>>> print(open('start10.pdb').read())   # PDB, C-alpha atoms, pLDDT in the B column
ATOM      1  CA  MET A   1       0.000   0.000   0.000  1.00 62.00           C
ATOM      2  CA  ALA A   2       1.450   3.317  -1.046  1.00 92.00           C
ATOM      3  CA  GLN A   3       1.133   5.910   1.634  1.00 95.00           C
ATOM      4  CA  THR A   4       2.125   9.556   1.401  1.00 97.00           C
ATOM      5  CA  LYS A   5       2.786  11.209   4.698  1.00 98.00           C
ATOM      6  CA  LEU A   6       2.215  14.957   4.809  1.00 98.00           C
ATOM      7  CA  ALA A   7       3.148  17.421   7.528  1.00 98.00           C
ATOM      8  CA  PHE A   8       0.982  20.528   7.519  1.00 98.00           C
ATOM      9  CA  VAL A   9       2.819  23.155   9.548  1.00 97.00           C
ATOM     10  CA  LEU A  10       0.932  26.257  10.560  1.00 96.00           C
ATOM     11  CA  GLN A  11       2.763  29.272  11.939  1.00 95.00           C
ATOM     12  CA  ARG A  12       0.197  32.051  11.365  1.00 92.00           C
ATOM     13  CA  PRO A  13      -2.193  33.429  13.993  1.00 92.00           C
ATOM     14  CA  PRO A  14      -5.857  32.421  13.638  1.00 91.00           C
ATOM     15  CA  TYR A  15      -7.232  35.555  11.990  1.00 90.00           C
ATOM     16  CA  LYS A  16      -5.969  38.335   9.696  1.00 81.00           C
ATOM     17  CA  SER A  17      -4.792  35.604   7.371  1.00 86.00           C
ATOM     18  CA  GLU A  18      -6.528  32.852   5.483  1.00 90.00           C
ATOM     19  CA  ASN A  19      -3.703  30.448   6.191  1.00 90.00           C
ATOM     20  CA  PRO A  20      -5.017  28.742   9.333  1.00 93.00           C
ATOM     21  CA  LYS A  21      -8.301  27.698   7.774  1.00 93.00           C
ATOM     22  CA  LEU A  22      -6.641  26.696   4.528  1.00 95.00           C
ATOM     23  CA  THR A  23      -4.169  24.576   6.461  1.00 96.00           C
ATOM     24  CA  ILE A  24      -6.858  22.759   8.382  1.00 97.00           C
ATOM     25  CA  THR A  25      -9.261  22.313   5.473  1.00 97.00           C
ATOM     26  CA  HIS A  26      -6.501  21.038   3.183  1.00 97.00           C
ATOM     27  CA  ALA A  27      -5.518  18.512   5.843  1.00 98.00           C
ATOM     28  CA  ILE A  28      -9.130  17.438   6.399  1.00 98.00           C
ATOM     29  CA  ALA A  29      -9.474  16.827   2.654  1.00 97.00           C
ATOM     30  CA  TYR A  30      -7.504  13.599   3.181  1.00 96.00           C
ATOM     31  CA  GLN A  31     -10.873  12.112   4.081  1.00 95.00           C
ATOM     32  CA  ILE A  32     -11.961  12.013   0.446  1.00 96.00           C
ATOM     33  CA  VAL A  33      -8.672  11.894  -1.422  1.00 97.00           C
ATOM     34  CA  ASP A  34      -9.049   8.132  -1.900  1.00 95.00           C
ATOM     35  CA  ILE A  35     -11.598   8.698  -4.662  1.00 96.00           C
ATOM     36  CA  LEU A  36      -8.807  10.163  -6.805  1.00 97.00           C
ATOM     37  CA  LEU A  37      -6.187   7.554  -5.908  1.00 96.00           C
ATOM     38  CA  ASP A  38      -5.610   3.977  -6.951  1.00 95.00           C
ATOM     39  CA  GLU A  39      -6.827   1.119  -4.786  1.00 94.00           C
ATOM     40  CA  GLY A  40      -4.867   0.823  -1.547  1.00 93.00           C
ATOM     41  CA  GLU A  41      -3.174   4.194  -1.838  1.00 96.00           C
ATOM     42  CA  THR A  42      -3.608   6.766   0.842  1.00 95.00           C
ATOM     43  CA  VAL A  43      -2.527  10.140   2.182  1.00 97.00           C
ATOM     44  CA  VAL A  44      -1.860  10.586   5.884  1.00 97.00           C
ATOM     45  CA  PRO A  45      -1.629  14.173   7.136  1.00 98.00           C
ATOM     46  CA  THR A  46      -0.437  15.493  10.459  1.00 98.00           C
ATOM     47  CA  LEU A  47      -1.381  18.981  11.535  1.00 98.00           C
ATOM     48  CA  CYS A  48       1.337  20.857  13.424  1.00 98.00           C
ATOM     49  CA  PHE A  49       0.917  24.232  15.138  1.00 98.00           C
ATOM     50  CA  ILE A  50       4.013  26.279  15.873  1.00 98.00           C
ATOM     51  CA  GLY A  51       4.850  29.911  16.632  1.00 97.00           C
ATOM     52  CA  GLU A  52       1.828  32.218  16.540  1.00 96.00           C
ATOM     53  CA  GLY A  53      -0.080  29.354  14.961  1.00 96.00           C
ATOM     54  CA  VAL A  54      -0.660  27.904  18.434  1.00 98.00           C
ATOM     55  CA  LEU A  55      -3.040  30.804  19.124  1.00 97.00           C
ATOM     56  CA  GLY A  56      -5.521  29.132  16.781  1.00 96.00           C
ATOM     57  CA  CYS A  57      -5.831  26.256  19.224  1.00 98.00           C
ATOM     58  CA  LEU A  58      -7.467  28.315  21.964  1.00 97.00           C
ATOM     59  CA  LYS A  59     -11.031  27.354  22.775  1.00 96.00           C
ATOM     60  CA  GLU A  60     -14.049  29.649  23.057  1.00 96.00           C
ATOM     61  CA  GLN A  61     -13.157  31.713  19.978  1.00 97.00           C
ATOM     62  CA  LYS A  62     -15.862  34.245  19.115  1.00 95.00           C
ATOM     63  CA  ALA A  63     -15.217  34.591  15.403  1.00 93.00           C
ATOM     64  CA  MET A  64     -18.847  34.499  14.381  1.00 93.00           C
ATOM     65  CA  GLU A  65     -19.751  37.255  16.836  1.00 92.00           C
ATOM     66  CA  SER A  66     -16.724  39.392  15.992  1.00 90.00           C
ATOM     67  CA  TYR A  67     -16.094  38.763  12.327  1.00 89.00           C
ATOM     68  CA  GLY A  68     -19.183  36.917  11.086  1.00 91.00           C
ATOM     69  CA  ILE A  69     -17.156  33.889  10.071  1.00 91.00           C
ATOM     70  CA  THR A  70     -16.689  30.380  11.386  1.00 93.00           C
ATOM     71  CA  SER A  71     -13.867  30.073  13.874  1.00 95.00           C
ATOM     72  CA  THR A  72     -10.540  28.347  13.507  1.00 95.00           C
ATOM     73  CA  GLU A  73     -11.700  26.466  16.599  1.00 96.00           C
ATOM     74  CA  SER A  74     -14.607  24.914  14.700  1.00 96.00           C
ATOM     75  CA  HIS A  75     -12.287  23.816  11.892  1.00 96.00           C
ATOM     76  CA  LEU A  76      -9.908  22.342  14.407  1.00 97.00           C
ATOM     77  CA  LYS A  77     -12.740  20.424  16.050  1.00 97.00           C
ATOM     78  CA  ASN A  78     -13.641  18.977  12.667  1.00 97.00           C
ATOM     79  CA  ALA A  79     -10.012  17.942  12.225  1.00 98.00           C
ATOM     80  CA  LEU A  80     -10.102  16.055  15.519  1.00 98.00           C
ATOM     81  CA  LEU A  81     -13.446  14.533  14.602  1.00 97.00           C
ATOM     82  CA  VAL A  82     -11.976  13.015  11.434  1.00 97.00           C
ATOM     83  CA  ASP A  83      -9.080  11.573  13.452  1.00 96.00           C
ATOM     84  CA  LEU A  84      -6.317  13.853  12.332  1.00 97.00           C
ATOM     85  CA  ASP A  85      -3.212  13.910  14.489  1.00 98.00           C
ATOM     86  CA  VAL A  86      -2.903  17.464  15.788  1.00 98.00           C
ATOM     87  CA  LEU A  87       0.408  18.428  17.355  1.00 98.00           C
ATOM     88  CA  VAL A  88       0.907  21.713  19.174  1.00 98.00           C
ATOM     89  CA  CYS A  89       4.340  23.002  20.102  1.00 98.00           C
ATOM     90  CA  LYS A  90       4.786  22.898  23.869  1.00 98.00           C
ATOM     91  CA  GLU A  91       7.524  25.553  23.942  1.00 98.00           C
ATOM     92  CA  ASP A  92       5.449  28.023  21.926  1.00 98.00           C
ATOM     93  CA  LEU A  93       2.431  27.507  24.183  1.00 98.00           C
ATOM     94  CA  GLU A  94       4.668  28.288  27.140  1.00 98.00           C
ATOM     95  CA  ARG A  95       5.941  31.436  25.426  1.00 97.00           C
ATOM     96  CA  PHE A  96       2.383  32.692  25.165  1.00 97.00           C
ATOM     97  CA  GLY A  97       1.529  31.521  28.692  1.00 98.00           C
ATOM     98  CA  ILE A  98      -1.184  29.184  27.432  1.00 98.00           C
ATOM     99  CA  ALA A  99      -2.046  26.251  29.656  1.00 97.00           C
ATOM    100  CA  GLU A 100      -3.168  22.980  28.090  1.00 97.00           C
ATOM    101  CA  ASP A 101      -6.638  23.256  29.573  1.00 97.00           C
ATOM    102  CA  ARG A 102      -7.293  26.298  27.370  1.00 97.00           C
ATOM    103  CA  LEU A 103      -6.904  24.285  24.172  1.00 98.00           C
ATOM    104  CA  VAL A 104      -9.696  23.131  21.890  1.00 97.00           C
ATOM    105  CA  ASP A 105     -11.165  19.686  22.275  1.00 95.00           C
ATOM    106  CA  ALA A 106     -13.951  18.052  20.352  1.00 96.00           C
ATOM    107  CA  GLU A 107     -15.328  15.760  23.012  1.00 94.00           C
ATOM    108  CA  ASP A 108     -18.738  17.389  22.655  1.00 94.00           C
ATOM    109  CA  MET A 109     -18.761  16.254  19.019  1.00 95.00           C
ATOM    110  CA  GLY A 110     -17.763  12.730  19.969  1.00 95.00           C
ATOM    111  CA  ALA A 111     -14.175  12.902  18.754  1.00 95.00           C
ATOM    112  CA  ASP A 112     -11.727  10.340  20.046  1.00 95.00           C
ATOM    113  CA  LYS A 113      -8.680  12.335  19.089  1.00 96.00           C
ATOM    114  CA  LYS A 114      -7.269  15.060  21.270  1.00 97.00           C
ATOM    115  CA  ILE A 115      -4.737  17.773  20.624  1.00 98.00           C
ATOM    116  CA  GLN A 116      -1.267  16.548  21.515  1.00 98.00           C
ATOM    117  CA  VAL A 117       1.021  19.057  23.165  1.00 98.00           C
ATOM    118  CA  VAL A 118       4.541  18.007  22.220  1.00 98.00           C
ATOM    119  CA  PRO A 119       8.082  19.401  22.323  1.00 98.00           C
ATOM    120  CA  PHE A 120       9.216  21.017  19.079  1.00 98.00           C
ATOM    121  CA  GLU A 121      11.607  18.123  18.686  1.00 98.00           C
ATOM    122  CA  LYS A 122       8.614  15.856  17.989  1.00 98.00           C
ATOM    123  CA  ILE A 123       7.285  18.270  15.336  1.00 98.00           C
ATOM    124  CA  GLN A 124      10.737  18.412  13.795  1.00 98.00           C
ATOM    125  CA  ARG A 125      10.663  14.613  13.580  1.00 98.00           C
ATOM    126  CA  GLU A 126       7.257  14.749  11.887  1.00 98.00           C
ATOM    127  CA  MET A 127       8.662  17.087   9.260  1.00 98.00           C
ATOM    128  CA  GLU A 128      11.725  14.923   8.740  1.00 98.00           C
ATOM    129  CA  THR A 129       9.714  11.745   8.294  1.00 98.00           C
ATOM    130  CA  ALA A 130       7.030  13.265   6.059  1.00 98.00           C
ATOM    131  CA  ASN A 131       7.176  12.809   2.312  1.00 97.00           C
ATOM    132  CA  HIS A 132       6.225  16.454   1.908  1.00 97.00           C
ATOM    133  CA  VAL A 133       6.028  19.419   4.278  1.00 97.00           C
ATOM    134  CA  LEU A 134       3.342  22.015   3.577  1.00 97.00           C
ATOM    135  CA  PHE A 135       4.235  25.188   5.381  1.00 94.00           C
ATOM    136  CA  PHE A 136       1.500  27.737   5.944  1.00 93.00           C
TER     137      PHE A 136
ATOM    138  CA  MET B   1      11.496  13.065 -15.825  1.00 92.00           C
ATOM    139  CA  GLY B   2       9.680  13.935 -12.653  1.00 97.00           C
ATOM    140  CA  THR B   3       6.358  15.277 -11.527  1.00 98.00           C
ATOM    141  CA  LEU B   4       6.223  18.640  -9.807  1.00 98.00           C
ATOM    142  CA  THR B   5       3.140  19.945  -8.033  1.00 98.00           C
ATOM    143  CA  ILE B   6       3.001  23.594  -7.038  1.00 98.00           C
ATOM    144  CA  GLY B   7       0.441  24.967  -4.620  1.00 98.00           C
ATOM    145  CA  ILE B   8       0.059  28.717  -5.085  1.00 96.00           C
ATOM    146  CA  PHE B   9      -1.618  30.800  -2.395  1.00 95.00           C
ATOM    147  CA  SER B  10      -0.559  34.342  -3.328  1.00 92.00           C
ATOM    148  CA  SER B  11      -2.607  36.696  -5.445  1.00 90.00           C
ATOM    149  CA  VAL B  12      -1.643  37.433  -9.018  1.00 88.00           C
ATOM    150  CA  ILE B  13      -0.951  41.043  -8.093  1.00 84.00           C
ATOM    151  CA  GLY B  14       0.699  42.042  -4.830  1.00 78.00           C
ATOM    152  CA  SER B  15       3.809  39.925  -4.701  1.00 81.00           C
ATOM    153  CA  MET B  16       6.183  38.199  -7.061  1.00 87.00           C
ATOM    154  CA  ASN B  17       5.237  34.787  -5.738  1.00 90.00           C
ATOM    155  CA  PHE B  18       2.670  34.166  -8.431  1.00 91.00           C
ATOM    156  CA  ASP B  19       4.981  35.249 -11.234  1.00 90.00           C
ATOM    157  CA  PHE B  20       7.765  33.095  -9.815  1.00 92.00           C
ATOM    158  CA  ALA B  21       5.534  30.027  -9.597  1.00 95.00           C
ATOM    159  CA  LEU B  22       4.407  30.357 -13.194  1.00 95.00           C
ATOM    160  CA  LYS B  23       7.927  30.972 -14.483  1.00 95.00           C
ATOM    161  CA  LEU B  24       9.169  27.965 -12.567  1.00 97.00           C
ATOM    162  CA  SER B  25       6.339  25.866 -14.008  1.00 97.00           C
ATOM    163  CA  GLU B  26       7.241  26.957 -17.505  1.00 97.00           C
ATOM    164  CA  THR B  27      10.885  26.086 -16.964  1.00 97.00           C
ATOM    165  CA  ALA B  28      10.018  22.687 -15.530  1.00 98.00           C
ATOM    166  CA  VAL B  29       7.601  21.784 -18.308  1.00 98.00           C
ATOM    167  CA  ASN B  30      10.073  22.938 -20.953  1.00 97.00           C
ATOM    168  CA  LYS B  31      12.592  20.524 -19.454  1.00 97.00           C
ATOM    169  CA  GLY B  32      10.093  17.715 -19.882  1.00 97.00           C
ATOM    170  CA  HIS B  33       8.711  17.454 -16.383  1.00 98.00           C
ATOM    171  CA  LYS B  34       5.046  16.951 -15.621  1.00 98.00           C
ATOM    172  CA  VAL B  35       3.665  19.975 -13.715  1.00 98.00           C
ATOM    173  CA  ASN B  36       0.472  20.383 -11.722  1.00 98.00           C
ATOM    174  CA  ILE B  37      -0.660  23.723 -10.320  1.00 98.00           C
ATOM    175  CA  TRP B  38      -3.120  24.161  -7.486  1.00 98.00           C
ATOM    176  CA  PHE B  39      -4.707  27.546  -6.717  1.00 98.00           C
ATOM    177  CA  SER B  40      -6.065  28.225  -3.263  1.00 97.00           C
ATOM    178  CA  GLY B  41      -6.822  31.348  -1.254  1.00 95.00           C
ATOM    179  CA  ASN B  42      -6.123  34.628  -3.035  1.00 93.00           C
ATOM    180  CA  SER B  43      -4.438  32.970  -5.988  1.00 95.00           C
ATOM    181  CA  THR B  44      -7.831  31.764  -7.205  1.00 96.00           C
ATOM    182  CA  CYS B  45      -8.518  35.267  -8.570  1.00 94.00           C
ATOM    183  CA  ALA B  46      -6.040  34.392 -11.308  1.00 94.00           C
ATOM    184  CA  VAL B  47      -8.522  32.061 -13.008  1.00 96.00           C
ATOM    185  CA  LYS B  48     -10.729  34.959 -14.071  1.00 95.00           C
ATOM    186  CA  SER B  49     -10.815  35.318 -17.835  1.00 94.00           C
ATOM    187  CA  ASN B  50     -10.568  38.574 -19.751  1.00 92.00           C
ATOM    188  CA  GLN B  51      -7.918  40.048 -17.472  1.00 90.00           C
ATOM    189  CA  LYS B  52      -6.727  43.353 -18.820  1.00 86.00           C
ATOM    190  CA  HIS B  53      -2.953  43.348 -18.929  1.00 82.00           C
ATOM    191  CA  MET B  54      -2.054  46.810 -17.745  1.00 82.00           C
ATOM    192  CA  LYS B  55       1.626  47.500 -17.945  1.00 80.00           C
ATOM    193  CA  ASP B  56       1.947  48.346 -14.263  1.00 78.00           C
ATOM    194  CA  TYR B  57       0.613  44.980 -13.091  1.00 79.00           C
ATOM    195  CA  SER B  58       1.392  41.322 -13.497  1.00 77.00           C
ATOM    196  CA  THR B  59      -1.093  39.278 -15.422  1.00 80.00           C
ATOM    197  CA  GLY B  60      -2.030  35.654 -14.914  1.00 85.00           C
ATOM    198  CA  GLU B  61      -4.131  34.887 -17.935  1.00 91.00           C
ATOM    199  CA  LYS B  62      -1.592  34.860 -20.732  1.00 91.00           C
ATOM    200  CA  PRO B  63       1.061  32.716 -18.998  1.00 93.00           C
ATOM    201  CA  LEU B  64      -1.616  30.411 -17.629  1.00 95.00           C
ATOM    202  CA  LYS B  65      -3.048  29.781 -21.075  1.00 96.00           C
ATOM    203  CA  ALA B  66       0.444  29.070 -22.363  1.00 97.00           C
ATOM    204  CA  LEU B  67       1.008  26.540 -19.574  1.00 98.00           C
ATOM    205  CA  LEU B  68      -2.333  24.870 -20.243  1.00 98.00           C
ATOM    206  CA  GLU B  69      -1.386  24.504 -23.892  1.00 98.00           C
ATOM    207  CA  LYS B  70       1.818  22.773 -22.812  1.00 98.00           C
ATOM    208  CA  GLY B  71      -0.144  20.197 -20.847  1.00 98.00           C
ATOM    209  CA  VAL B  72       0.205  21.639 -17.356  1.00 98.00           C
ATOM    210  CA  GLU B  73      -2.778  20.691 -15.231  1.00 98.00           C
ATOM    211  CA  VAL B  74      -4.190  23.709 -13.430  1.00 98.00           C
ATOM    212  CA  CYS B  75      -6.914  23.437 -10.832  1.00 98.00           C
ATOM    213  CA  THR B  76      -8.564  26.035  -8.650  1.00 98.00           C
ATOM    214  CA  CYS B  77     -10.195  25.541  -5.270  1.00 98.00           C
ATOM    215  CA  GLU B  78     -13.875  25.873  -6.043  1.00 98.00           C
ATOM    216  CA  ALA B  79     -14.852  27.184  -2.613  1.00 96.00           C
ATOM    217  CA  CYS B  80     -12.065  29.798  -2.540  1.00 96.00           C
ATOM    218  CA  THR B  81     -12.925  30.921  -6.068  1.00 98.00           C
ATOM    219  CA  LEU B  82     -16.664  31.199  -5.536  1.00 97.00           C
ATOM    220  CA  ALA B  83     -16.021  33.057  -2.259  1.00 95.00           C
ATOM    221  CA  ARG B  84     -14.314  35.707  -4.374  1.00 96.00           C
ATOM    222  CA  GLY B  85     -17.290  36.069  -6.689  1.00 96.00           C
ATOM    223  CA  ILE B  86     -15.799  34.274  -9.663  1.00 97.00           C
ATOM    224  CA  GLN B  87     -18.107  31.809 -11.363  1.00 97.00           C
ATOM    225  CA  LYS B  88     -17.109  28.858 -13.516  1.00 96.00           C
ATOM    226  CA  THR B  89     -18.504  30.678 -16.526  1.00 96.00           C
ATOM    227  CA  ASP B  90     -15.968  33.478 -15.881  1.00 94.00           C
ATOM    228  CA  SER B  91     -13.047  31.089 -15.734  1.00 97.00           C
ATOM    229  CA  ILE B  92     -10.191  30.697 -18.189  1.00 97.00           C
ATOM    230  CA  GLU B  93     -10.967  27.689 -20.351  1.00 96.00           C
ATOM    231  CA  GLY B  94      -9.082  24.545 -19.433  1.00 97.00           C
ATOM    232  CA  ILE B  95      -8.665  25.312 -15.754  1.00 98.00           C
ATOM    233  CA  GLN B  96     -10.183  22.601 -13.592  1.00 98.00           C
ATOM    234  CA  TRP B  97     -12.405  23.358 -10.606  1.00 98.00           C
ATOM    235  CA  ASN B  98     -12.260  20.973  -7.704  1.00 98.00           C
ATOM    236  CA  ALA B  99     -11.802  20.687  -3.949  1.00 97.00           C
ATOM    237  CA  MET B 100      -8.697  20.371  -1.813  1.00 97.00           C
ATOM    238  CA  HIS B 101      -8.451  16.602  -2.197  1.00 97.00           C
ATOM    239  CA  TRP B 102      -7.357  17.249  -5.817  1.00 98.00           C
ATOM    240  CA  TYR B 103      -4.212  18.900  -4.447  1.00 98.00           C
ATOM    241  CA  LEU B 104      -3.543  16.065  -2.006  1.00 98.00           C
ATOM    242  CA  ALA B 105      -4.002  13.486  -4.768  1.00 98.00           C
ATOM    243  CA  LYS B 106      -1.521  15.309  -7.004  1.00 98.00           C
ATOM    244  CA  ILE B 107       0.928  15.576  -4.112  1.00 98.00           C
ATOM    245  CA  HIS B 108       0.632  11.828  -3.634  1.00 97.00           C
ATOM    246  CA  THR B 109       1.841  11.186  -7.175  1.00 96.00           C
ATOM    247  CA  SER B 110       4.521  13.890  -7.233  1.00 97.00           C
ATOM    248  CA  ASP B 111       8.251  13.665  -6.866  1.00 97.00           C
ATOM    249  CA  ARG B 112       8.478  17.203  -5.560  1.00 97.00           C
ATOM    250  CA  VAL B 113       5.972  19.626  -4.047  1.00 97.00           C
ATOM    251  CA  LEU B 114       6.384  23.362  -3.689  1.00 96.00           C
ATOM    252  CA  GLN B 115       3.967  25.408  -1.681  1.00 94.00           C
ATOM    253  CA  ILE B 116       4.295  29.058  -2.551  1.00 93.00           C
ATOM    254  CA  GLY B 117       2.875  32.141  -0.921  1.00 84.00           C
ATOM    255  CA  GLY B 118      -0.011  32.820   1.348  1.00 74.00           C
ATOM    256  CA  GLU B 119      -0.501  36.119   3.065  1.00 69.00           C
TER     257      GLU B 119
END
>>> encode(input="start10.pdb", output="structure tokens")
Amino acid sequence: MAQTKLAFVLQRPPYKSENPKLTITHAIAYQIVDILLDEGETVVPTLCFIGEGVLGCLKEQKAMESYGITSTESHLKNALLVDLDVLVCKEDLERFGIAEDRLVDAEDMGADKKIQVVPFEKIQREMETANHVLFF
Amino acid sequence: MGTLTIGIFSSVIGSMNFDFALKLSETAVNKGHKVNIWFSGNSTCAVKSNQKHMKDYSTGEKPLKALLEKGVEVCTCEACTLARGIQKTDSIEGIQWNAMHWYLAKIHTSDRVLQIGGE
């Protein structure tokens, strides 16, 4: 079985840029990529948040109230719901003083996956072992 | 010869990213490589037909048509494009409209992937 491993790396803050949503929606698209691939072939994405990108992982975002658009939080919940691995840089969270209990989860939607707070070293390894790195 | 897939996220006007990506595509295809181009975000404005090439601004239409004629596959993100008010009937002929899984599928079959731009 041919498998392509992709590392989606997001470094932009959640608003003022389209990047965060594009990152998450591109990664989620792995769910239906099989219809364009040969039998047994697959794409496996990992979503990595680094730098200011970690700000998109905060829960209770009020994007609809403030900007009239769906939140990065809601996209992230969908990512967890479709079993994406979501890695968030521990060091960058610490830089912003963000505790783990302030991060998005999708338990209310029935997701099994949770955000994984990991040292940057782990994200580095993801990038090194991926077939392609998509940097947003 | 290899397969190169380029994801472009920058607008046609506003940075040199778009111009660079198209020039690179042309060079690659002229060397015999297979090239796929994916438009997402602001780059999707480039699929609009009847762009007026004013001398002060870059243009996407002419080089895109030339790439299409050389067999480059070009696809735009339908949601991003429609969000910018561009309909399929406005689009440059030969450009495909699809969703993000098209990009992932092309990545899967590519030797190299370049992701360019994004504001």
>>> axis_aligned_box(input="start10.pdb", around="segment 28-35 of chain A", padding_each_side="5 Å", output="AutoDock Vina command-line options")
--center_x -9.7 --center_y 12.8 --center_z 0.9 --size_x 14.5 --size_y 19.3 --size_z 21.1
>>> closest_residue(input="start10.pdb", among="B:Asp90, B:Asp111, B:Asp56, B:Glu73", to="chain A", atoms="only C-alpha atoms")
B:Asp111
>>> resolve_selection(input="start10.pdb", expression="the PyMOL selection byres ((chain B) within 6 of (chain A))", output="list in words")
Met100, His101, Ala105 and His108 of chain B
>>> residues_near_point(input="start10.pdb", point="(-2.5, 27.8, -2.9)", cutoff="9 Å", atoms="all atoms listed in the file", output="list in words")
Leu22 of chain A; Ile6, Gly7, Ile8, Phe9, Ser10, Ile37, Trp38, Phe39, Ser40, Gly41, Asn42, Ser43, Thr44, Thr76, Cys77, Gln115, Ile116, Gly117 and Gly118 of chain B
>>> resolve_selection(input="start10.pdb", expression="the PyMOL selection byres ((chain B and resi 18) around 10)", output="short mmCIF file (atom, residue, chain, number, x, y, z; two decimals) with C-alpha atoms, in the coordinates of the input")
data_model
loop_
_atom_site.label_atom_id
_atom_site.label_comp_id
_atom_site.auth_asym_id
_atom_site.auth_seq_id
_atom_site.Cartn_x
_atom_site.Cartn_y
_atom_site.Cartn_z
CA ILE B 8 0.06 28.72 -5.08
CA PHE B 9 -1.62 30.80 -2.40
CA SER B 10 -0.56 34.34 -3.33
CA SER B 11 -2.61 36.70 -5.44
CA VAL B 12 -1.64 37.43 -9.02
CA ILE B 13 -0.95 41.04 -8.09
CA GLY B 14 0.70 42.04 -4.83
CA SER B 15 3.81 39.92 -4.70
CA MET B 16 6.18 38.20 -7.06
CA ASN B 17 5.24 34.79 -5.74
CA ASP B 19 4.98 35.25 -11.23
CA PHE B 20 7.76 33.10 -9.82
CA ALA B 21 5.53 30.03 -9.60
CA LEU B 22 4.41 30.36 -13.19
CA LYS B 23 7.93 30.97 -14.48
CA LEU B 24 9.17 27.96 -12.57
CA SER B 43 -4.44 32.97 -5.99
CA ALA B 46 -6.04 34.39 -11.31
CA SER B 58 1.39 41.32 -13.50
CA THR B 59 -1.09 39.28 -15.42
CA GLY B 60 -2.03 35.65 -14.91
CA ILE B 116 4.30 29.06 -2.55
CA GLY B 117 2.88 32.14 -0.92
#
>>> residues_around(input="start10.pdb", residues="Leu80 of chain A", least_positions_apart="6", cutoff="12 Å", atoms="only C-alpha atoms", output="CSV table (one decimal) with C-alpha atoms, keeping the file's coordinate frame")
chain,number,residue,atom,x,y,z
A,24,ILE,CA,-6.9,22.8,8.4
A,25,THR,CA,-9.3,22.3,5.5
A,27,ALA,CA,-5.5,18.5,5.8
A,28,ILE,CA,-9.1,17.4,6.4
A,46,THR,CA,-0.4,15.5,10.5
A,47,LEU,CA,-1.4,19.0,11.5
A,57,CYS,CA,-5.8,26.3,19.2
A,73,GLU,CA,-11.7,26.5,16.6
A,74,SER,CA,-14.6,24.9,14.7
A,86,VAL,CA,-2.9,17.5,15.8
A,87,LEU,CA,0.4,18.4,17.4
A,104,VAL,CA,-9.7,23.1,21.9
A,105,ASP,CA,-11.2,19.7,22.3
A,106,ALA,CA,-14.0,18.1,20.4
A,107,GLU,CA,-15.3,15.8,23.0
A,108,ASP,CA,-18.7,17.4,22.7
A,109,MET,CA,-18.8,16.3,19.0
A,110,GLY,CA,-17.8,12.7,20.0
A,111,ALA,CA,-14.2,12.9,18.8
A,112,ASP,CA,-11.7,10.3,20.0
A,113,LYS,CA,-8.7,12.3,19.1
A,114,LYS,CA,-7.3,15.1,21.3
A,115,ILE,CA,-4.7,17.8,20.6
A,116,GLN,CA,-1.3,16.5,21.5
>>> atom_distance(input="start10.pdb", atom1="atom CA of Leu76 of chain A", atom2="atom CA of Gly56 of chain A")
8.4 Å
>>> closest_residue(input="start10.pdb", among="B:Gly32, B:Gly94, B:Pro63, B:Gly85", to="Leu4 of chain B", atoms="all atoms listed in the file")
B:Gly32
>>> closest_residue(input="start10.pdb", among="B:Val47, B:Leu67, B:Asn98, B:Val113", to="Ala130 of chain A", atoms="all atoms listed in the file")
B:Val113
>>> resolve_selection(input="start10.pdb", expression="the PyMOL selection byres ((chain A and resi 58) around 12)", output="ChimeraX atom specification")
/A:13-14,49,52-57,59-63,71-74,76-77,88,93,96-105,115
>>> residues_around(input="start10.pdb", residues="Lys31 of chain B", least_positions_apart="3", cutoff="12 Å", atoms="all atoms listed in the file", output="list in words")
Met1, Gly2, Thr3, Leu4, Leu24, Ser25, Glu26, Thr27, Ala28, Lys34, Val35 and Lys70 of chain B
>>> atom_distance(input="start10.pdb", atom1="atom CA of Thr5 of chain B", atom2="atom CA of Tyr103 of chain B")
8.2 Å
>>> residues_around(input="start10.pdb", residues="Gly51 of chain A", least_positions_apart="6", cutoff="8 Å", atoms="only C-alpha atoms", output="PyMOL selection string")
chain A and resi 11-12+89+92
>>> write_last_selection(input="start10.pdb", atoms="C-alpha atoms", output="PDB file, keeping the file's coordinate frame")
ATOM      1  CA  GLN A  11       2.763  29.272  11.939  1.00 95.00           C
ATOM      2  CA  ARG A  12       0.197  32.051  11.365  1.00 92.00           C
ATOM      3  CA  CYS A  89       4.340  23.002  20.102  1.00 98.00           C
ATOM      4  CA  ASP A  92       5.449  28.023  21.926  1.00 98.00           C
TER       5      ASP A  92
END
>>> closest_residue(input="start10.pdb", among="A:Leu81, A:Phe120, A:Glu65, A:Glu94", to="Ile50 of chain A", atoms="only C-alpha atoms")
A:Phe120
